[in-house]
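run_16.txt follows; it contains compact mmCIF, C-alpha atoms.
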# COMPACT_ATOMS: atom_id res chain seq x y z
CA MET A 1 121.77 113.14 85.20
CA GLN A 2 120.50 112.16 88.63
CA SER A 3 120.24 108.51 89.61
CA VAL A 4 116.87 107.11 90.61
CA ALA A 5 117.96 107.20 94.26
CA GLU A 6 118.78 110.93 94.05
CA SER A 7 115.92 112.06 91.87
CA PRO A 8 112.58 113.15 93.32
CA ILE A 9 110.81 111.61 90.31
CA VAL A 10 110.66 108.15 88.78
CA GLU A 11 109.84 107.36 85.19
CA PRO A 12 107.04 104.96 84.18
CA ASP A 13 109.45 102.36 82.73
CA TRP A 14 111.44 102.27 85.94
CA LEU A 15 108.33 101.96 88.06
CA GLU A 16 106.92 99.13 85.97
CA LYS A 17 110.10 97.15 86.56
CA ASN A 18 110.24 97.94 90.27
CA LEU A 19 106.63 97.64 91.39
CA ASP A 20 107.56 94.98 93.95
CA LYS A 21 110.21 97.18 95.56
CA VAL A 22 108.16 100.27 96.34
CA LYS A 23 104.82 101.30 97.79
CA VAL A 24 102.84 102.87 94.99
CA VAL A 25 100.03 105.21 96.01
CA GLU A 26 97.49 106.78 93.68
CA VAL A 27 96.27 110.12 95.03
CA ASP A 28 92.97 111.09 93.47
CA TYR A 29 90.59 113.96 93.67
CA ASP A 30 88.04 111.84 91.89
CA PRO A 31 88.66 108.14 92.58
CA ALA A 32 85.30 107.12 91.12
CA SER A 33 86.56 107.93 87.65
CA ALA A 34 90.20 107.09 88.28
CA TYR A 35 91.47 104.56 90.86
CA ASN A 36 88.22 102.62 91.00
CA ILE A 37 88.18 101.90 87.27
CA GLY A 38 91.85 101.03 86.97
CA HIS A 39 95.11 101.72 88.77
CA ILE A 40 98.73 100.61 88.65
CA PRO A 41 98.96 97.01 89.90
CA GLY A 42 99.50 97.00 93.65
CA ALA A 43 98.74 100.70 94.04
CA LEU A 44 97.04 101.88 97.20
CA LEU A 45 94.57 104.75 97.23
CA ILE A 46 94.69 108.10 98.95
CA ASP A 47 91.42 109.93 98.40
CA TRP A 48 92.52 113.56 98.68
CA LYS A 49 89.28 114.89 100.14
CA ARG A 50 88.70 112.05 102.59
CA ASP A 51 92.24 111.13 103.62
CA LEU A 52 94.37 114.27 103.56
CA ASN A 53 91.92 116.84 104.85
CA ARG A 54 90.54 117.31 108.32
CA TYR A 55 86.87 118.05 108.75
CA PRO A 56 84.98 120.07 109.83
CA GLU A 57 88.03 122.31 110.15
CA ARG A 58 89.63 123.37 106.94
CA ASP A 59 93.06 121.89 107.48
CA ILE A 60 95.34 119.08 106.47
CA ILE A 61 95.37 115.97 108.63
CA ASP A 62 97.35 116.25 111.82
CA GLU A 63 100.29 114.10 112.90
CA GLU A 64 98.05 111.40 114.36
CA GLY A 65 95.93 111.43 111.25
CA PHE A 66 98.99 110.92 109.07
CA GLU A 67 100.19 108.08 111.26
CA ALA A 68 96.78 106.43 111.07
CA LEU A 69 96.67 106.84 107.29
CA MET A 70 100.13 105.37 106.77
CA SER A 71 99.40 102.52 109.15
CA ARG A 72 96.13 101.71 107.38
CA LEU A 73 97.90 101.70 104.02
CA GLY A 74 100.60 99.35 105.34
CA ILE A 75 103.36 101.90 104.84
CA SER A 76 106.38 101.83 107.15
CA ASN A 77 108.70 104.72 107.92
CA ASP A 78 111.46 103.26 105.75
CA ASP A 79 109.33 102.45 102.72
CA LEU A 80 110.04 104.16 99.43
CA VAL A 81 106.69 105.59 98.37
CA VAL A 82 105.90 106.55 94.79
CA LEU A 83 102.95 108.91 94.42
CA TYR A 84 100.98 109.52 91.29
CA GLY A 85 97.44 110.55 90.55
CA ASP A 86 94.69 112.07 88.50
CA TYR A 87 94.47 115.70 87.40
CA ASN A 88 98.07 116.05 86.26
CA ASN A 89 99.51 114.86 89.56
CA TRP A 90 98.23 117.98 91.36
CA PHE A 91 96.87 116.00 94.28
CA ALA A 92 99.85 113.64 94.27
CA ALA A 93 102.05 116.72 94.62
CA PHE A 94 99.85 117.92 97.49
CA ALA A 95 100.26 114.52 99.14
CA TYR A 96 104.02 114.74 98.56
CA TRP A 97 104.02 118.04 100.46
CA VAL A 98 102.07 116.44 103.34
CA PHE A 99 104.51 113.50 103.39
CA LYS A 100 107.38 115.99 103.67
CA ILE A 101 105.66 117.92 106.46
CA TYR A 102 105.42 114.70 108.43
CA GLY A 103 109.01 113.77 107.75
CA HIS A 104 108.63 110.87 105.32
CA GLU A 105 111.87 111.27 103.38
CA LYS A 106 111.68 108.41 100.91
CA VAL A 107 108.93 109.66 98.66
CA LYS A 108 108.93 110.34 94.92
CA ILE A 109 106.50 111.30 92.20
CA LEU A 110 105.78 109.34 89.05
CA ASN A 111 106.63 111.64 86.16
CA GLY A 112 103.50 112.34 84.15
CA GLY A 113 101.19 110.64 86.63
CA ARG A 114 98.18 108.63 85.65
CA LYS A 115 97.92 110.44 82.34
CA LYS A 116 101.36 109.36 81.10
CA TRP A 117 100.97 105.80 82.41
CA ILE A 118 97.77 105.41 80.39
CA GLU A 119 99.24 107.09 77.33
CA LEU A 120 102.09 104.57 77.35
CA GLY A 121 99.64 101.69 77.54
CA LYS A 122 101.04 100.43 80.83
CA PRO A 123 99.00 97.89 82.81
CA LEU A 124 96.07 98.87 85.01
CA THR A 125 93.97 96.75 87.31
CA LYS A 126 90.84 97.03 89.40
CA GLU A 127 92.23 94.67 92.01
CA VAL A 128 92.48 96.46 95.35
CA PRO A 129 95.40 95.40 97.55
CA GLN A 130 94.75 94.45 101.17
CA PRO A 131 97.80 95.76 103.00
CA LYS A 132 98.88 94.52 106.39
CA PRO A 133 98.59 97.47 108.79
CA THR A 134 101.78 98.94 110.22
CA SER A 135 102.54 101.06 113.27
CA TYR A 136 103.77 104.18 111.56
CA LYS A 137 105.28 106.88 113.77
CA VAL A 138 105.99 110.43 112.65
CA ALA A 139 109.58 111.21 113.61
CA LYS A 140 109.56 114.94 112.90
CA VAL A 141 107.22 117.62 111.68
CA ASP A 142 108.48 120.28 109.27
CA LEU A 143 106.18 123.26 109.04
CA THR A 144 108.77 125.46 107.32
CA ILE A 145 107.28 124.43 103.97
CA ARG A 146 103.80 125.67 104.87
CA THR A 147 102.68 129.24 105.26
CA SER A 148 99.58 130.97 106.54
CA PHE A 149 97.42 133.94 105.68
CA LEU A 150 99.02 136.11 108.38
CA ASP A 151 102.52 135.25 107.24
CA VAL A 152 101.69 136.17 103.65
CA LEU A 153 100.10 139.41 104.80
CA LYS A 154 103.18 140.26 106.87
CA ASN A 155 105.47 139.72 103.88
CA LEU A 156 103.50 141.59 101.25
CA ARG A 157 106.12 144.26 100.67
CA ASN A 158 109.15 142.19 101.63
CA PRO A 159 111.64 142.34 98.72
CA LYS A 160 113.18 139.04 99.82
CA VAL A 161 109.87 137.24 99.33
CA VAL A 162 108.34 136.38 95.96
CA LEU A 163 104.72 135.33 95.68
CA VAL A 164 103.92 133.01 92.78
CA ASP A 165 100.31 132.69 91.68
CA VAL A 166 100.08 129.49 89.66
CA ARG A 167 96.44 129.85 88.58
CA SER A 168 95.31 130.60 85.07
CA PRO A 169 95.72 134.17 83.78
CA ALA A 170 91.93 134.64 83.89
CA GLU A 171 91.85 133.78 87.58
CA TYR A 172 94.91 135.97 88.25
CA ARG A 173 93.31 138.93 86.53
CA GLY A 174 90.10 138.42 88.47
CA GLU A 175 87.96 137.65 85.44
CA ILE A 176 86.80 134.45 87.12
CA THR A 177 86.86 133.51 90.79
CA ALA A 178 86.37 129.77 90.37
CA PRO A 179 85.99 127.30 87.55
CA PRO A 180 82.51 127.60 85.98
CA GLU A 181 81.77 123.99 86.98
CA TYR A 182 82.12 124.82 90.65
CA PRO A 183 80.46 128.18 91.26
CA ASN A 184 80.02 127.39 94.95
CA GLU A 185 83.76 127.38 95.44
CA ALA A 186 84.12 130.93 94.24
CA ALA A 187 85.81 133.58 96.34
CA GLN A 188 83.99 136.80 97.13
CA ARG A 189 86.46 138.78 95.07
CA GLY A 190 88.61 138.21 92.02
CA GLY A 191 92.22 139.14 91.47
CA HIS A 192 95.50 138.21 93.06
CA ILE A 193 97.62 138.89 96.11
CA PRO A 194 99.45 142.20 95.62
CA GLY A 195 102.84 141.77 94.02
CA ALA A 196 102.34 138.15 93.01
CA VAL A 197 103.73 137.04 89.66
CA ASN A 198 101.56 134.78 87.53
CA ILE A 199 103.32 131.63 86.37
CA PRO A 200 100.59 129.04 85.69
CA TRP A 201 101.50 125.56 86.84
CA ALA A 202 101.03 124.20 83.29
CA GLN A 203 104.08 126.10 82.08
CA SER A 204 106.24 123.64 84.02
CA VAL A 205 105.12 120.57 82.09
CA LYS A 206 105.20 119.27 78.55
CA GLU A 207 102.08 118.36 76.65
CA ASP A 208 102.18 114.79 77.94
CA GLY A 209 102.18 116.01 81.54
CA THR A 210 105.83 115.18 82.25
CA PHE A 211 108.07 117.86 83.71
CA LYS A 212 110.12 120.10 81.47
CA SER A 213 113.91 119.85 81.76
CA VAL A 214 115.65 121.49 84.69
CA GLU A 215 117.24 124.01 82.29
CA GLU A 216 113.86 125.00 80.86
CA LEU A 217 112.35 125.25 84.33
CA ARG A 218 115.21 127.36 85.63
CA THR A 219 114.84 129.76 82.71
CA LEU A 220 111.08 129.94 83.19
CA TYR A 221 111.22 130.92 86.84
CA GLU A 222 114.40 133.00 86.87
CA SER A 223 113.12 135.11 83.97
CA ARG A 224 110.20 136.12 86.20
CA GLY A 225 112.30 136.96 89.23
CA VAL A 226 111.69 133.69 91.04
CA THR A 227 115.26 132.99 92.04
CA LYS A 228 116.99 130.67 94.45
CA ASP A 229 118.12 133.43 96.80
CA LYS A 230 114.52 134.50 97.53
CA GLU A 231 111.89 133.09 99.81
CA ILE A 232 109.17 131.75 97.58
CA ILE A 233 105.50 131.45 98.46
CA VAL A 234 103.28 129.60 96.00
CA TYR A 235 99.50 129.64 95.95
CA CYS A 236 96.53 128.85 93.71
CA ARG A 237 92.87 128.44 94.67
CA ILE A 238 92.82 125.54 97.12
CA GLY A 239 96.48 124.57 97.15
CA GLU A 240 96.67 121.60 94.82
CA ARG A 241 98.08 123.31 91.72
CA ALA A 242 100.45 125.28 93.91
CA ALA A 243 101.68 121.99 95.39
CA HIS A 244 102.71 121.01 91.86
CA THR A 245 104.80 124.18 91.55
CA PHE A 246 106.11 123.72 95.10
CA PHE A 247 107.46 120.35 93.94
CA VAL A 248 109.06 121.89 90.86
CA LEU A 249 110.80 124.69 92.76
CA LYS A 250 111.77 122.80 95.88
CA GLU A 251 112.61 119.38 94.50
CA LEU A 252 113.43 119.72 90.81
CA LEU A 253 115.21 123.08 91.03
CA GLY A 254 116.43 122.71 94.60
CA TYR A 255 115.28 126.11 95.86
CA PRO A 256 115.96 126.13 99.60
CA LYS A 257 113.06 128.28 100.80
CA VAL A 258 109.73 127.41 99.24
CA ARG A 259 106.46 127.49 101.14
CA LEU A 260 102.98 126.51 100.08
CA TYR A 261 100.14 128.81 101.09
CA ASP A 262 97.42 126.17 101.07
CA GLY A 263 94.75 128.62 102.16
CA SER A 264 95.33 130.14 98.75
CA TRP A 265 92.77 132.26 96.92
CA SER A 266 89.77 130.55 98.52
CA GLU A 267 91.01 132.06 101.78
CA TRP A 268 92.58 135.35 100.64
CA GLY A 269 89.77 136.19 98.26
CA ASN A 270 87.20 135.84 101.02
CA MET A 271 88.95 137.74 103.80
CA VAL A 272 87.62 141.09 104.93
CA GLY A 273 89.87 144.06 104.46
CA VAL A 274 92.88 142.48 102.79
CA PRO A 275 94.43 144.14 99.74
CA ILE A 276 93.89 142.72 96.30
CA GLU A 277 95.31 143.55 92.89
CA LYS A 278 93.73 142.89 89.52
CA MET B 1 68.10 105.92 51.60
CA GLU B 2 68.61 108.10 54.64
CA GLU B 3 72.19 108.20 55.86
CA LYS B 4 72.59 107.72 59.59
CA GLN B 5 74.38 110.69 61.12
CA ILE B 6 76.51 110.00 64.14
CA ARG B 7 76.96 112.81 66.55
CA ILE B 8 80.55 113.89 67.25
CA ILE B 9 81.25 115.35 70.67
CA ASP B 10 84.66 116.77 71.45
CA ILE B 11 85.01 117.01 75.21
CA GLY B 12 88.59 118.25 75.16
CA ASP B 13 90.83 117.58 78.12
CA LEU B 14 88.93 117.19 81.38
CA SER B 15 92.13 116.92 83.39
CA ILE B 16 92.85 120.63 83.20
CA ILE B 17 89.59 121.65 84.79
CA CYS B 18 90.41 122.37 88.37
CA SER B 19 88.71 120.31 91.03
CA THR B 20 85.79 118.95 89.14
CA SER B 21 84.37 115.49 88.76
CA ARG B 22 85.01 113.70 85.50
CA LEU B 23 81.91 111.62 86.09
CA GLY B 24 79.79 114.75 86.33
CA GLU B 25 81.47 116.38 83.38
CA ILE B 26 80.95 113.35 81.12
CA ARG B 27 77.34 113.17 82.19
CA ARG B 28 76.80 116.86 81.51
CA ARG B 29 78.76 117.19 78.29
CA VAL B 30 77.92 113.87 76.69
CA ILE B 31 75.18 111.73 78.17
CA GLU B 32 72.60 114.42 78.82
CA ASN B 33 72.88 115.47 75.17
CA LEU B 34 72.01 112.05 73.81
CA ARG B 35 68.61 110.44 73.36
CA GLN B 36 68.03 106.87 74.43
CA GLY B 37 69.70 104.56 71.88
CA GLU B 38 71.57 107.40 70.20
CA GLU B 39 75.20 106.88 69.27
CA ALA B 40 78.02 109.37 69.56
CA MET B 41 81.68 109.53 68.73
CA VAL B 42 83.36 111.16 71.72
CA LEU B 43 86.76 112.73 71.16
CA THR B 44 89.35 113.81 73.71
CA SER B 45 92.99 114.79 73.64
CA ASP B 46 93.64 113.45 77.12
CA PRO B 47 94.48 109.79 77.76
CA GLU B 48 93.06 109.93 81.27
CA THR B 49 89.74 111.31 80.07
CA TRP B 50 89.72 108.63 77.38
CA TYR B 51 90.24 105.84 79.90
CA SER B 52 87.44 107.20 82.04
CA LEU B 53 85.10 107.41 79.05
CA ALA B 54 85.89 103.85 78.07
CA ASN B 55 85.23 102.51 81.57
CA LEU B 56 82.33 104.47 83.01
CA GLY B 57 79.58 103.09 80.77
CA ASP B 58 77.81 101.15 83.53
CA GLU B 59 77.85 104.07 85.95
CA LEU B 60 76.63 106.57 83.38
CA GLY B 61 74.32 104.34 81.34
CA TYR B 62 75.98 103.85 77.97
CA ASP B 63 77.55 101.02 76.00
CA VAL B 64 81.07 101.37 74.68
CA LEU B 65 81.06 100.27 71.03
CA GLU B 66 84.63 101.16 70.20
CA SER B 67 87.62 102.70 71.94
CA ARG B 68 90.79 103.60 70.10
CA ARG B 69 93.62 106.04 69.71
CA ASP B 70 94.39 107.93 66.54
CA GLY B 71 97.65 109.81 66.92
CA ASN B 72 97.11 112.36 69.64
CA SER B 73 93.34 111.95 69.53
CA TYR B 74 91.45 109.45 71.62
CA ILE B 75 88.09 108.22 70.42
CA VAL B 76 85.29 106.37 72.16
CA ARG B 77 82.10 105.45 70.30
CA ILE B 78 79.18 105.00 72.65
CA ARG B 79 75.44 104.33 72.61
CA ARG B 80 73.19 105.67 75.34
CA ARG B 81 71.15 102.90 76.93
Have the structure of the file written as structure tokens, please.
Amino acid sequence: MQSVAESPIVEPDWLEKNLDKVKVVEVDYDPASAYNIGHIPGALLIDWKRDLNRYPERDIIDEEGFEALMSRLGISNDDLVVLYGDYNNWFAAFAYWVFKIYGHEKVKILNGGRKKWIELGKPLTKEVPQPKPTSYKVAKVDLTIRTSFLDVLKNLRNPKVVLVDVRSPAEYRGEITAPPEYPNEAAQRGGHIPGAVNIPWAQSVKEDGTFKSVEELRTLYESRGVTKDKEIIVYCRIGERAAHTFFVLKELLGYPKVRLYDGSWSEWGNMVGVPIEK
Amino acid sequence: MEEKQIRIIDIGDLSIICSTSRLGEIRRRVIENLRQGEEAMVLTSDPETWYSLANLGDELGYDVLESRRDGNSYIVRIRRR
């Protein structure tokens, strides 16, 4: 069993006892119905849409944007940051990936996220901390964990590369192109990237939202040809569910080459002339 | 004597719906289906959805009459204002 220092996740009991030793950050897609009505005492907020995305471009924040965000949140380069959030930690996992791109090494995810914390009856507060700003500096940028449309296209028939589509089977088969609640986010076409295997993100967690054991996870992915010796590209619709699987493969299973295609289906499914399978 | 029927609304688990707003979903699935003053027993299997239901009354215009857990089910009894 890994120690807390070695593990990429922390458990709720550990976090409750160590709240004063870490920087806890809730990463929400929907803070109005999450952080704003109750969060872990001392937790800071990252609003996924506002804080991690760059507008009007469709991109993640750049190096300067990350430095500004960390500085505003009072996070220093050496701080141990624990991320958790709404929607099954999808957006916390996305934030984790951004932290890794910008070289913040001491970052972990709360196992089970907001859902598990509430289920356990752990304390929540509406009190918003007022952190003292820092002067955060990005020391290195690692873009080897991100991939682009062109790179995916180039590797379509590469036997060393495995594409993992983590969306629901209905999305993979092209029966739906977006959740019914958000018809405006639909892609022009339904289906999946040719050759991709469908392993929905939810297969990596237990009913309570905590991760399955490493043995179970290894069996799940290896049985579908997603093995450590391959280069793995994960995608979903906008990148948040794929970030969850990125975390599982890269951090929990220790796969060396895992990249997130954050353009995902909302990019691929709208491109002119690219191949699609159903 | 007429027995008062309370409406039961099972909203499932809102945390598995990709990229939606819980606030909007609760409004659409629960509040818009209730008349002014009508009560409902709202059920969910998700603790996060439950917490939201129990704490969004002011924003969405309902009073929380009861909020409890029963095994793996979470229950919030509300009355639309």
Open item on the list: Taking all atoms listed in the file into account and nothing else, which residues of chain B lie no more than 10 Å away from chain A? Please answer as a list in words.
Closed with: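 Within 10 Å of chain A on chain B, we get Leu14, Ser15, Ile16, Ile17, Cys18, Ser19, Thr20, Ser21, Arg22, Leu23, Gly24, Glu25, Asp46, Pro47, Glu48, Thr49, Trp50, Tyr51, Ser52, Leu53, Ala54, Asn55, Leu56, Glu59, Arg69, Asn72 and Tyr74 of chain B.
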- [ ] Write out as a list in words which residues come within 9 Å of Gln36 in chain B when counting only C-alpha atoms, dropping same-chain ones fewer than 3 positions away.
- [x]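 Everything that qualifies: Glu39, Arg79, Arg80 and Arg81 of chain B.
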- [ ] Mind checking which residues fall within 10 Å of Asp79 in chain A, counting all atoms listed in the file, ignoring those fewer than 3 positions away in the same chain, and posting them as a PyMOL selection string?
- [x] chain A and resi 21-23+74-76+82+104-107
Task: Long-range neighbours of Ser73 in chain B as a PyMOL selection string, 9 Å cut-off, only C-alpha atoms, 2 positions minimum in chain - done: chain B and resi 43-47+68-71+75
TODO: Tell me, as a PyMOL selection string, which residues lie within 6 Å of Val76 in chain B, counting all atoms listed in the file; anything in the same chain fewer than 6 positions away does not count.
DONE: chain B and resi 41-42+66-67
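Going from CA of Pro56 in chain A over to CA of Ala187 in chain A, you cover 19.1 Å.
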- [ ] Mind giving me the straight-line distance from CA of Ala139 in chain A to CA of Trp48 in chain A in Å, one decimal?
- [x] 22.8 Å
Task: Atomic separation - CA of Asp62 in chain A relative to CA of Tyr35 in chain A, Å - done: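 If I compute the distance from CA of Tyr35 in chain A to CA of Asp62 in chain A, I get 24.7 Å.
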